Every structure is written in structure tokens, then in C-alpha cells.
Amino acid sequence: MPLHIVTEANRCLQCKNAKCQQGCPVHTPIPEIIKLFKENKLMEAGEILFRNNPLSVICSEVCNHAKQCAGNCIRGIKDSPVHFSSIENYISDMYLDRMHASVPLKRIDKHVAVIGAGPAGITVAVLLAMEGYHVTIFEWHSKIGGVMQYGIPEFRLPKSILDRYEARLEEFGIQIRLNATIGSTLIIDNLIRDGYDCVFIGTGAERPRSLGIKGESLGNVHFAMNYLANPKAHHLGNRVAVIGVGNAAMDVARTALRNGTKEVTMYAMGKEIAASSSEVAYAKLDGAEIETGMQVQEITEQGPVFKRTKYGENDEIIGTEDELIQTYADSTIIAISQIPRAKLVRTTSGLLAGDNGLLIVDENYMTTKRGVFAAGDVVTGAKTVVHAVDGAKKAAEAMKKYMNGEL
Ligand SMILES: Cc1cc2nc3c(=O)[nH]c(=O)nc-3n(C[C@H](O)[C@H](O)[C@H](O)COP(=O)(O)OP(=O)(O)OC[C@H]3O[C@@H](n4cnc5c(N)ncnc54)[C@H](O)[C@@H]3O)c2cc1C
Ligand code: SF4
């Protein structure tokens, strides 16, 4: 066992009013887990973690710990916080392989269709299948994972974790239909016709948001999600411009630099950087540069054209300078967030969405169609893995009530 996680566990004060736990969006019982870890009860700790958050091992890798568990740890006030994520990673990684995943002996005669195998869909599928419900997942892509598979780069999240998850899902008796899009040949009405008692939509927000400016369709311009889905298929050249400074932009920059690009500059409209401080630090370490106060006007084959931002007294953006600045890049990548493709699911089934394309749900995560629930990015807009898990857990509870006739 690596010494540093033992040292970290020994630093935990076992607070009664644990701020770390409160700072975690799924309220992981951190002191209890650390206590079990110190008693060498790793399987017990792993089971608690998995039941509370089936994606615990993934969250231990990709969550913004500096804002959540570690960021709220009491020891962080005077010293460095307890790095619980390393302890969680050790336990949950081991548990994922050693857990006893099997089809429950007592099955419940209710069938659930889950649309989308991202964090939200996987969470609902696991939580319901573990209790004996019959679950079938419909996934558009040829692999499970959603953005964890097709967005977050391999060097941050090894894809082999998702293969291990797929094996566990099958052991729980979950049927997975890959390359199966709901909203095309099959629509939600077909699922209900075929006897599914409840439907969950976890289709995420993977459609790149467009800048709406001239040049977006040029041959050397790409959207972040399209690039990240298959970086090796792109030949970006030596110099790359990235429009945007969020986490996706950092992933694009670091991926490009690992695939032969020599220089990457990311451009921000204002002074604020949307990405987490650790992602920015890593991108800079890898050699990426950030230019703030640059508003893109057009993209040419030579690279993006900007105007400099004008700021008011409180640094608010009040407009742009007149001068056009042509920058030079072999390729330009647009990384300004994503929106849902939910229209595909929605238009064929009469579900309502807001103007922003996000599905409308009530306090029980039920959409405007009875028996059809939704959570994750398709409801909240682009957020994080742990927020998708949190919504999906609540949706799964409501789905059980619905199938029991209590909702
Ligand atoms: C580049 C990038 C980096 C990120 N990095 C982090 C990070 O480090 N940490 C973090 O916590 N979060 C990160 N996020 C955000 C996080 O990945 C998402 O918030 C999370 O994946 C949302 O989960 P979801 O299940 O709602 O949707 P998704 O992950 O988008 O999954 C939706 C799934 O539904 C499938 N689908 C869509 N439509 C249909 C249909 N009609 N029929 C069948 N299947 C369908 C899709 O193929 C996909 O597999 C990142 C996002 C991006 C884009
Ligand atoms: S806040 Fe820090 S010290 Fe207190 S229980 Fe959580 S991890 Fe341990």
C-alpha cells in the first residue's frame, strides 16, 4: 500500500461535523471511509463508496477536489488538506475488480430503459439493477461512458476503467444495446409499447456550441468535442489556436501538445478563466499559453481574427477596440461549451425543453411525460460527473417510487 495514503489517512481528525463530506456533491461519508481504511476494512469501505456513488473511482480521478472534499477539509485552513481522493481511488479501484457483482437472486418484475451510457445513465442502471430491476441501456456510441469515453482524455482518465465498468454492468444483468439511438428508428413510444415500465434519459450535452461567426466550417477549424473524440484522426499542424478557456479547452490544448503540436494558444474573451485552477496549471506546465481580453470576430484559414476587449471600471466587458488582429495558426479549435442533442429524443416523444434545449423536469426528475425521467447534463447543462451522479441518484429513487405506484 503506498505510504502517502496511509499518512494522509492518519492526518484525518475524524471531525464530527465533517466539512469535507458537506463539500462533496454526493456527500461521501469521508470520515467513516477513512476509519474503515485504517482498520484494513477495504471491501466494506469500497461497498459504501460504490453504493453511494457507483462512479466513485472515476470521481476520485476527475472531480475538482480542490473545491469539494479537499477544498473544505478543516486541516486545509492551517496546513495542507487531507487528500481523500487518493484514498478513495485506492479503495474504489480495488473494489471495482473484487466486488461481487451478480444478477440479484430476487428479481423485481419491472423493466427500465436507460437512454445514454454516460455517468447519469450508468448510475441509474447500476442502482436499479442492484435492487433487482431489469435494466436495458441504449447507447448511441459503440462504447459506454459518454464524455468520460469521448471527451476526457486518456492521460486524465484511462479508458480501461470504462471496460472494467462494462464488465460489471453485464454481471449485474444489465443489457447494453450499443450503437442504438433513441429518437431515430426507435423512439420512446416504442420503448413503452415494448413493456418498459419506466424510461430514464441521460443523453448529456455533447453537441458543440457554435460561435456563430464566419469561418466555422473551414477545413482547418474543428469543435473541441469532435477533436477530443478521436485526436489521432486529426492533423492539426505545429501551431493551434483554441477559442475558449474552460476545462474542455485545457483538454484540447494538452491533447494537441501530446500529439505533435508545438504551440497552443488559448484565447479568453475577458479576464476570467473558466477552467479549474489545477487544469490551468497542468495546461501551462505542458506548454500551453493563454491570452485574455481577445474577442474572436472571424476565423480565416490563416487563423482567428480578434478585437481586443475594452473593460469598464470594475473590469466588466464594455465592448471592443476597433482594430482587427489577425493571428496565425495551422488549425483553430472552438471550445466554448456544449448543448444537449435532446431534440432528437424529444421531438419524437412530445417532451418539453426550455429555450436552452435542456429537458424540463419536476422536483422528482420526471419530464413532462409521465414515467419518463431525466438527469445529468441534459437537464442541468454542461456540468460535472459528480453532479450527473447526484441527479441520477435522485431520479433512481423517484423511478422506484413511480414503479411502486407511489408517485
Ligand atoms: C472535454 C470535457 C472534459 C470534462 N472533464 C471533466 C472532468 O475532469 N471532471 C468532471 O467531473 N467533469 C468533466 N466534464 C463534464 C462531464 O464529463 C459531464 O458533465 C458528464 O459526462 C455528464 O454526464 P451525462 O451522463 O449527463 O452525459 P454524457 O456524459 O454526455 O453521456 C450521455 C450519453 O448519452 C448518449 N446519447 C445521447 N443521445 C442519445 C440518444 N438519442 N440515444 C442513445 N444514446 C444517446 C451519448 O452517446 C452519451 O454516451 C468534462 C466535459 C468535457 C466536454
Ligand atoms: S474535514 Fe478533513 S480532517 Fe475532518 S474528517 Fe474530513 S478529511 Fe478528516
# chains A, B, ... in the order shown; residues from 1 in each chain; ligands from 1

$ closest_atom_pairs --of "chain A" --to "ligand 2" --cutoff "8 Å" --atoms "only C-alpha atoms and all ligand atoms" --output "tab-separated table"
residue	atom	partner	partner_atom_place_in_ligand_line	distance
A:Ala9	CA	ligand 2	8 (Fe)	7.9
A:Arg11	CA	ligand 2	3 (S)	6.8
A:Cys12	CA	ligand 2	8 (Fe)	3.7
A:Leu13	CA	ligand 2	3 (S)	4.1
A:Gln14	CA	ligand 2	5 (S)	4.2
A:Cys15	CA	ligand 2	5 (S)	4.3
A:Lys16	CA	ligand 2	5 (S)	7.2
A:Asn17	CA	ligand 2	5 (S)	7.7
A:Ala18	CA	ligand 2	5 (S)	4.8
A:Lys19	CA	ligand 2	1 (S)	4.8
A:Cys20	CA	ligand 2	6 (Fe)	4.4
A:Gln21	CA	ligand 2	6 (Fe)	6.4
A:Ile30	CA	ligand 2	6 (Fe)	6.0
A:Pro31	CA	ligand 2	5 (S)	4.6
A:Ile34	CA	ligand 2	8 (Fe)	7.8
A:Cys69	CA	ligand 2	7 (S)	7.3
A:Ala70	CA	ligand 2	7 (S)	7.1
A:Asn72	CA	ligand 2	1 (S)	6.4
A:Cys73	CA	ligand 2	1 (S)	3.6
A:Ile74	CA	ligand 2	1 (S)	4.5
A:Arg75	CA	ligand 2	3 (S)	5.5
A:Gly76	CA	ligand 2	2 (Fe)	7.5
A:Pro81	CA	ligand 2	2 (Fe)	6.2
A:Val82	CA	ligand 2	7 (S)	5.1
A:His83	CA	ligand 2	7 (S)	7.4
A:Phe84	CA	ligand 2	7 (S)	6.3

$ write_last_selection --atoms "N, CA and C atoms" --output "PDB file, in the first residue's frame"
ATOM      1  N   ALA A   9      -4.373   9.264   5.597  1.00  0.00           N
ATOM      2  CA  ALA A   9      -5.462   8.757   6.449  1.00  0.00           C
ATOM      3  C   ALA A   9      -5.174   9.088   7.915  1.00  0.00           C
ATOM      4  N   ARG A  11      -3.683  11.591   9.026  1.00  0.00           N
ATOM      5  CA  ARG A  11      -3.813  13.035   9.285  1.00  0.00           C
ATOM      6  C   ARG A  11      -5.267  13.437   9.526  1.00  0.00           C
ATOM      7  N   CYS A  12      -6.212  12.571   9.187  1.00  0.00           N
ATOM      8  CA  CYS A  12      -7.638  12.922   9.305  1.00  0.00           C
ATOM      9  C   CYS A  12      -8.025  13.030  10.774  1.00  0.00           C
ATOM     10  N   LEU A  13      -8.756  14.084  11.117  1.00  0.00           N
ATOM     11  CA  LEU A  13      -9.134  14.340  12.515  1.00  0.00           C
ATOM     12  C   LEU A  13     -10.463  13.686  12.891  1.00  0.00           C
ATOM     13  N   GLN A  14     -11.091  12.985  11.928  1.00  0.00           N
ATOM     14  CA  GLN A  14     -12.395  12.337  12.178  1.00  0.00           C
ATOM     15  C   GLN A  14     -13.406  13.349  12.723  1.00  0.00           C
ATOM     16  N   CYS A  15     -13.517  14.464  12.052  1.00  0.00           N
ATOM     17  CA  CYS A  15     -14.420  15.536  12.516  1.00  0.00           C
ATOM     18  C   CYS A  15     -15.859  15.024  12.634  1.00  0.00           C
ATOM     19  N   LYS A  16     -16.553  15.465  13.666  1.00  0.00           N
ATOM     20  CA  LYS A  16     -17.973  15.098  13.834  1.00  0.00           C
ATOM     21  C   LYS A  16     -18.812  15.803  12.762  1.00  0.00           C
ATOM     22  N   ASN A  17     -18.494  17.089  12.574  1.00  0.00           N
ATOM     23  CA  ASN A  17     -19.241  17.884  11.600  1.00  0.00           C
ATOM     24  C   ASN A  17     -18.342  18.033  10.362  1.00  0.00           C
ATOM     25  N   ALA A  18     -18.212  16.928   9.606  1.00  0.00           N
ATOM     26  CA  ALA A  18     -17.151  16.863   8.582  1.00  0.00           C
ATOM     27  C   ALA A  18     -17.430  17.781   7.390  1.00  0.00           C
ATOM     28  N   LYS A  19     -16.631  18.818   7.285  1.00  0.00           N
ATOM     29  CA  LYS A  19     -16.805  19.805   6.203  1.00  0.00           C
ATOM     30  C   LYS A  19     -16.486  19.187   4.840  1.00  0.00           C
ATOM     31  N   CYS A  20     -15.558  18.231   4.839  1.00  0.00           N
ATOM     32  CA  CYS A  20     -15.189  17.574   3.577  1.00  0.00           C
ATOM     33  C   CYS A  20     -16.424  16.901   2.978  1.00  0.00           C
ATOM     34  N   GLN A  21     -17.171  16.215   3.844  1.00  0.00           N
ATOM     35  CA  GLN A  21     -18.370  15.485   3.411  1.00  0.00           C
ATOM     36  C   GLN A  21     -19.435  16.460   2.913  1.00  0.00           C
ATOM     37  N   ILE A  30     -16.845  10.631   4.268  1.00  0.00           N
ATOM     38  CA  ILE A  30     -15.374  10.580   4.262  1.00  0.00           C
ATOM     39  C   ILE A  30     -14.767  10.088   5.587  1.00  0.00           C
ATOM     40  N   PRO A  31     -15.172  10.655   6.749  1.00  0.00           N
ATOM     41  CA  PRO A  31     -14.536  10.159   7.986  1.00  0.00           C
ATOM     42  C   PRO A  31     -14.762   8.657   8.188  1.00  0.00           C
ATOM     43  N   ILE A  34     -12.460   6.716   5.917  1.00  0.00           N
ATOM     44  CA  ILE A  34     -11.057   6.762   6.374  1.00  0.00           C
ATOM     45  C   ILE A  34     -10.874   5.845   7.594  1.00  0.00           C
ATOM     46  N   CYS A  69     -14.064  18.021  -1.640  1.00  0.00           N
ATOM     47  CA  CYS A  69     -13.609  17.407  -0.385  1.00  0.00           C
ATOM     48  C   CYS A  69     -12.364  18.113   0.181  1.00  0.00           C
ATOM     49  N   ALA A  70     -11.294  18.118  -0.599  1.00  0.00           N
ATOM     50  CA  ALA A  70     -10.043  18.702  -0.087  1.00  0.00           C
ATOM     51  C   ALA A  70     -10.209  20.195   0.182  1.00  0.00           C
ATOM     52  N   ASN A  72     -12.611  21.742   1.322  1.00  0.00           N
ATOM     53  CA  ASN A  72     -13.375  22.037   2.538  1.00  0.00           C
ATOM     54  C   ASN A  72     -12.783  21.400   3.786  1.00  0.00           C
ATOM     55  N   CYS A  73     -11.733  20.611   3.629  1.00  0.00           N
ATOM     56  CA  CYS A  73     -11.140  19.914   4.776  1.00  0.00           C
ATOM     57  C   CYS A  73     -10.592  20.924   5.788  1.00  0.00           C
ATOM     58  N   ILE A  74     -10.925  20.655   7.042  1.00  0.00           N
ATOM     59  CA  ILE A  74     -10.570  21.575   8.132  1.00  0.00           C
ATOM     60  C   ILE A  74      -9.039  21.726   8.252  1.00  0.00           C
ATOM     61  N   ARG A  75      -8.316  20.672   7.937  1.00  0.00           N
ATOM     62  CA  ARG A  75      -6.853  20.726   8.053  1.00  0.00           C
ATOM     63  C   ARG A  75      -6.249  21.691   7.039  1.00  0.00           C
ATOM     64  N   GLY A  76      -7.037  21.984   6.001  1.00  0.00           N
ATOM     65  CA  GLY A  76      -6.537  22.874   4.954  1.00  0.00           C
ATOM     66  C   GLY A  76      -6.449  24.323   5.394  1.00  0.00           C
ATOM     67  N   PRO A  81      -4.726  20.174   3.155  1.00  0.00           N
ATOM     68  CA  PRO A  81      -5.892  19.345   3.476  1.00  0.00           C
ATOM     69  C   PRO A  81      -5.576  17.871   3.336  1.00  0.00           C
ATOM     70  N   VAL A  82      -6.444  17.027   3.917  1.00  0.00           N
ATOM     71  CA  VAL A  82      -6.313  15.578   3.721  1.00  0.00           C
ATOM     72  C   VAL A  82      -6.703  15.287   2.270  1.00  0.00           C
ATOM     73  N   HIS A  83      -5.847  14.591   1.551  1.00  0.00           N
ATOM     74  CA  HIS A  83      -6.150  14.277   0.146  1.00  0.00           C
ATOM     75  C   HIS A  83      -6.940  12.981   0.078  1.00  0.00           C
ATOM     76  N   PHE A  84      -8.241  13.103   0.369  1.00  0.00           N
ATOM     77  CA  PHE A  84      -9.097  11.931   0.424  1.00  0.00           C
ATOM     78  C   PHE A  84      -9.187  11.237  -0.929  1.00  0.00           C
TER      79      PHE A  84
END

$ residues_near_ligand --ligand "ligand 1" --cutoff "6 Å" --atoms "only C-alpha atoms and all ligand atoms" --output "VMD selection string"
chain A and resid 62 to 63 115 to 121 138 to 141 144 to 148 151 to 152 180 to 183 202 to 206 247 to 248 251 344 to 345 376 to 378 382 to 386 388

$ atom_distance --atom1 "CA of Lys41 in chain A" --atom2 "CA of Asn89 in chain A"
14.9 Å

$ closest_residue --among "A:Thr136, A:Ser337, A:Ser276, A:Thr320" --to "Tyr196 in chain A" --atoms "only C-alpha atoms"
A:Thr136

$ closest_residue --among "A:Val114, A:Val103, A:Leu228, A:Ala233" --to "Met130 in chain A" --atoms "only C-alpha atoms"
A:Val103

$ residues_around --residues "Pro104 in chain A" --least-positions-apart "3" --cutoff "8 Å" --atoms "only C-alpha atoms" --output "JSON, numbers by chain"
{"A": [107, 129, 130, 131, 132, 172]}

$ atom_distance --atom1 "CA of Gly244 in chain A" --atom2 "CA of Arg258 in chain A"
19.1 Å

$ select_by_dssp --residues "range 65-290 of chain A" --states "strand (DSSP E or B)" --output "PyMOL selection string"
chain A and resi 111-115+134-138+175-177+182+186+198-201+207-208+221-223+239-243+263-267+289-290

$ atom_distance --atom1 "CA of Thr327 in chain A" --atom2 "CA of Lys232 in chain A"
25.0 Å

$ select_by_dssp --residues "range 110-287 of chain A" --states "alpha helix (DSSP H)" --output "PDB file with C-alpha atoms, in the first residue's frame"
ATOM      1  CA  PRO A 119     -22.346   8.949 -15.812  1.00  0.00           C
ATOM      2  CA  ALA A 120     -26.067   9.636 -15.313  1.00  0.00           C
ATOM      3  CA  GLY A 121     -27.252   6.575 -17.254  1.00  0.00           C
ATOM      4  CA  ILE A 122     -24.685   4.233 -15.670  1.00  0.00           C
ATOM      5  CA  THR A 123     -25.634   5.426 -12.170  1.00  0.00           C
ATOM      6  CA  VAL A 124     -29.364   4.849 -12.677  1.00  0.00           C
ATOM      7  CA  ALA A 125     -28.724   1.479 -14.341  1.00  0.00           C
ATOM      8  CA  VAL A 126     -26.450   0.211 -11.539  1.00  0.00           C
ATOM      9  CA  LEU A 127     -28.618   1.422  -8.657  1.00  0.00           C
ATOM     10  CA  LEU A 128     -31.793  -0.126 -10.101  1.00  0.00           C
ATOM     11  CA  ALA A 129     -30.168  -3.348 -11.357  1.00  0.00           C
ATOM     12  CA  MET A 130     -28.570  -3.962  -7.945  1.00  0.00           C
ATOM     13  CA  VAL A 147     -17.996  12.205 -22.144  1.00  0.00           C
ATOM     14  CA  MET A 148     -15.772  10.000 -19.931  1.00  0.00           C
ATOM     15  CA  GLN A 149     -15.134   7.921 -23.067  1.00  0.00           C
ATOM     16  CA  TYR A 150     -15.271  10.520 -25.840  1.00  0.00           C
ATOM     17  CA  SER A 160      -9.622   0.762 -19.394  1.00  0.00           C
ATOM     18  CA  ILE A 161     -11.657   1.816 -16.317  1.00  0.00           C
ATOM     19  CA  LEU A 162     -14.716   2.020 -18.555  1.00  0.00           C
ATOM     20  CA  ASP A 163     -14.105  -1.502 -19.892  1.00  0.00           C
ATOM     21  CA  ARG A 164     -13.998  -2.711 -16.303  1.00  0.00           C
ATOM     22  CA  TYR A 165     -17.312  -0.930 -15.662  1.00  0.00           C
ATOM     23  CA  GLU A 166     -18.874  -2.525 -18.726  1.00  0.00           C
ATOM     24  CA  ALA A 167     -17.979  -5.974 -17.369  1.00  0.00           C
ATOM     25  CA  ARG A 168     -19.573  -5.148 -14.000  1.00  0.00           C
ATOM     26  CA  LEU A 169     -22.746  -3.814 -15.664  1.00  0.00           C
ATOM     27  CA  GLU A 170     -23.140  -7.088 -17.518  1.00  0.00           C
ATOM     28  CA  GLU A 171     -22.589  -9.066 -14.310  1.00  0.00           C
ATOM     29  CA  ILE A 188     -39.608   6.489 -26.584  1.00  0.00           C
ATOM     30  CA  ASP A 189     -43.137   5.415 -27.558  1.00  0.00           C
ATOM     31  CA  ASN A 190     -41.653   2.162 -28.907  1.00  0.00           C
ATOM     32  CA  LEU A 191     -39.987   1.527 -25.547  1.00  0.00           C
ATOM     33  CA  ILE A 192     -43.270   1.973 -23.721  1.00  0.00           C
ATOM     34  CA  ARG A 193     -45.037  -0.222 -26.313  1.00  0.00           C
ATOM     35  CA  ALA A 224     -13.467  20.556 -29.222  1.00  0.00           C
ATOM     36  CA  MET A 225     -15.783  17.565 -28.778  1.00  0.00           C
ATOM     37  CA  ASN A 226     -15.183  16.357 -32.332  1.00  0.00           C
ATOM     38  CA  TYR A 227     -11.437  16.662 -31.886  1.00  0.00           C
ATOM     39  CA  LEU A 228     -11.328  15.007 -28.459  1.00  0.00           C
ATOM     40  CA  ALA A 229     -13.478  12.076 -29.632  1.00  0.00           C
ATOM     41  CA  ASN A 247     -11.856  22.621 -18.907  1.00  0.00           C
ATOM     42  CA  ALA A 248     -12.582  21.302 -22.418  1.00  0.00           C
ATOM     43  CA  ALA A 249     -10.185  23.897 -23.866  1.00  0.00           C
ATOM     44  CA  MET A 250      -7.464  22.746 -21.422  1.00  0.00           C
ATOM     45  CA  ASP A 251      -8.042  19.134 -22.514  1.00  0.00           C
ATOM     46  CA  VAL A 252      -7.773  20.152 -26.174  1.00  0.00           C
ATOM     47  CA  ALA A 253      -4.541  22.068 -25.549  1.00  0.00           C
ATOM     48  CA  ARG A 254      -2.890  19.265 -23.580  1.00  0.00           C
ATOM     49  CA  THR A 255      -4.033  16.611 -26.070  1.00  0.00           C
ATOM     50  CA  ALA A 256      -2.735  18.593 -29.055  1.00  0.00           C
ATOM     51  CA  LEU A 257       0.640  19.103 -27.360  1.00  0.00           C
ATOM     52  CA  ARG A 258       0.840  15.348 -26.740  1.00  0.00           C
ATOM     53  CA  SER A 277      -7.043  26.164 -11.307  1.00  0.00           C
ATOM     54  CA  SER A 278      -5.431  22.711 -11.396  1.00  0.00           C
ATOM     55  CA  GLU A 279      -6.376  22.178 -15.062  1.00  0.00           C
ATOM     56  CA  VAL A 280      -4.943  25.602 -15.939  1.00  0.00           C
ATOM     57  CA  ALA A 281      -1.743  24.783 -14.054  1.00  0.00           C
ATOM     58  CA  TYR A 282      -1.350  21.476 -15.895  1.00  0.00           C
ATOM     59  CA  ALA A 283      -2.025  23.080 -19.283  1.00  0.00           C
ATOM     60  CA  LYS A 284       0.638  25.706 -18.595  1.00  0.00           C
ATOM     61  CA  LEU A 285       3.059  23.029 -17.387  1.00  0.00           C
TER      62      LEU A 285
END

$ closest_residue --among "A:Ala288, A:Ile201, A:Ala392, A:Ala268" --to "Phe373 in chain A" --atoms "only C-alpha atoms"
A:Ile201

$ residues_around --residues "Leu359 in chain A" --least-positions-apart "3" --cutoff "10 Å" --atoms "only C-alpha atoms" --output "list in words"
Ile201, Pro340, Ala342, Lys343, Arg346, Leu351, Leu352, Ala353, Gly354, Asp355, Asn356, Tyr365, Met366, Thr367, Thr368, Phe373, Ala374, Ala375, Asp377, Val378, Val379, Thr380 and Gly381 of chain A

$ closest_residue --among "A:Ile317, A:Met269, A:Ile213, A:Ala329" --to "Gln297 in chain A" --atoms "only C-alpha atoms"
A:Ile213

$ residues_around --residues "Cys198 in chain A" --least-positions-apart "2" --cutoff "7 Å" --atoms "only C-alpha atoms" --output "ChimeraX atom specification"
/A:111-113,196,200,371-372,399

$ residues_around --residues "Ala45 in chain A" --least-positions-apart "5" --cutoff "10 Å" --atoms "only C-alpha atoms" --output "mmCIF file with N, CA and C atoms, in the first residue's frame"
data_model
loop_
_atom_site.group_PDB
_atom_site.id
_atom_site.type_symbol
_atom_site.label_atom_id
_atom_site.label_comp_id
_atom_site.auth_asym_id
_atom_site.auth_seq_id
_atom_site.Cartn_x
_atom_site.Cartn_y
_atom_site.Cartn_z
ATOM 1 N N PRO A 29 -19.355 9.731 2.754
ATOM 2 C CA PRO A 29 -19.077 9.733 4.208
ATOM 3 C C PRO A 29 -17.572 9.574 4.476
ATOM 4 N N ILE A 30 -16.845 10.631 4.268
ATOM 5 C CA ILE A 30 -15.374 10.580 4.262
ATOM 6 C C ILE A 30 -14.767 10.088 5.587
ATOM 7 N N GLU A 32 -15.972 8.183 7.893
ATOM 8 C CA GLU A 32 -16.281 6.748 8.062
ATOM 9 C C GLU A 32 -15.388 5.898 7.145
ATOM 10 N N ILE A 33 -15.211 6.355 5.922
ATOM 11 C CA ILE A 33 -14.383 5.594 4.971
ATOM 12 C C ILE A 33 -12.925 5.567 5.450
ATOM 13 N N ILE A 34 -12.460 6.716 5.917
ATOM 14 C CA ILE A 34 -11.057 6.762 6.374
ATOM 15 C C ILE A 34 -10.874 5.845 7.594
ATOM 16 N N LYS A 35 -11.876 5.830 8.457
ATOM 17 C CA LYS A 35 -11.797 4.955 9.643
ATOM 18 C C LYS A 35 -11.704 3.481 9.209
ATOM 19 N N LEU A 36 -12.581 3.081 8.284
ATOM 20 C CA LEU A 36 -12.565 1.683 7.809
ATOM 21 C C LEU A 36 -11.234 1.359 7.127
ATOM 22 N N PHE A 37 -10.713 2.329 6.390
ATOM 23 C CA PHE A 37 -9.428 2.154 5.699
ATOM 24 C C PHE A 37 -8.319 1.882 6.733
ATOM 25 N N ASN A 40 -8.190 -1.541 7.974
ATOM 26 C CA ASN A 40 -7.983 -2.513 6.884
ATOM 27 C C ASN A 40 -9.278 -3.151 6.391
ATOM 28 N N PHE A 50 -19.252 2.595 -3.298
ATOM 29 C CA PHE A 50 -19.915 2.216 -4.559
ATOM 30 C C PHE A 50 -21.421 2.445 -4.475
ATOM 31 N N GLU A 88 -9.654 7.337 -1.662
ATOM 32 C CA GLU A 88 -10.851 6.855 -2.371
ATOM 33 C C GLU A 88 -10.438 6.079 -3.628
ATOM 34 N N ILE A 91 -9.147 2.561 -2.702
ATOM 35 C CA ILE A 91 -10.212 1.634 -2.271
ATOM 36 C C ILE A 91 -11.105 1.271 -3.463
ATOM 37 N N SER A 92 -11.577 2.284 -4.174
ATOM 38 C CA SER A 92 -12.589 2.040 -5.210
ATOM 39 C C SER A 92 -12.019 1.322 -6.417
ATOM 40 N N TYR A 95 -11.934 -2.197 -5.291
ATOM 41 C CA TYR A 95 -13.292 -2.730 -5.125
ATOM 42 C C TYR A 95 -13.933 -3.052 -6.476
#
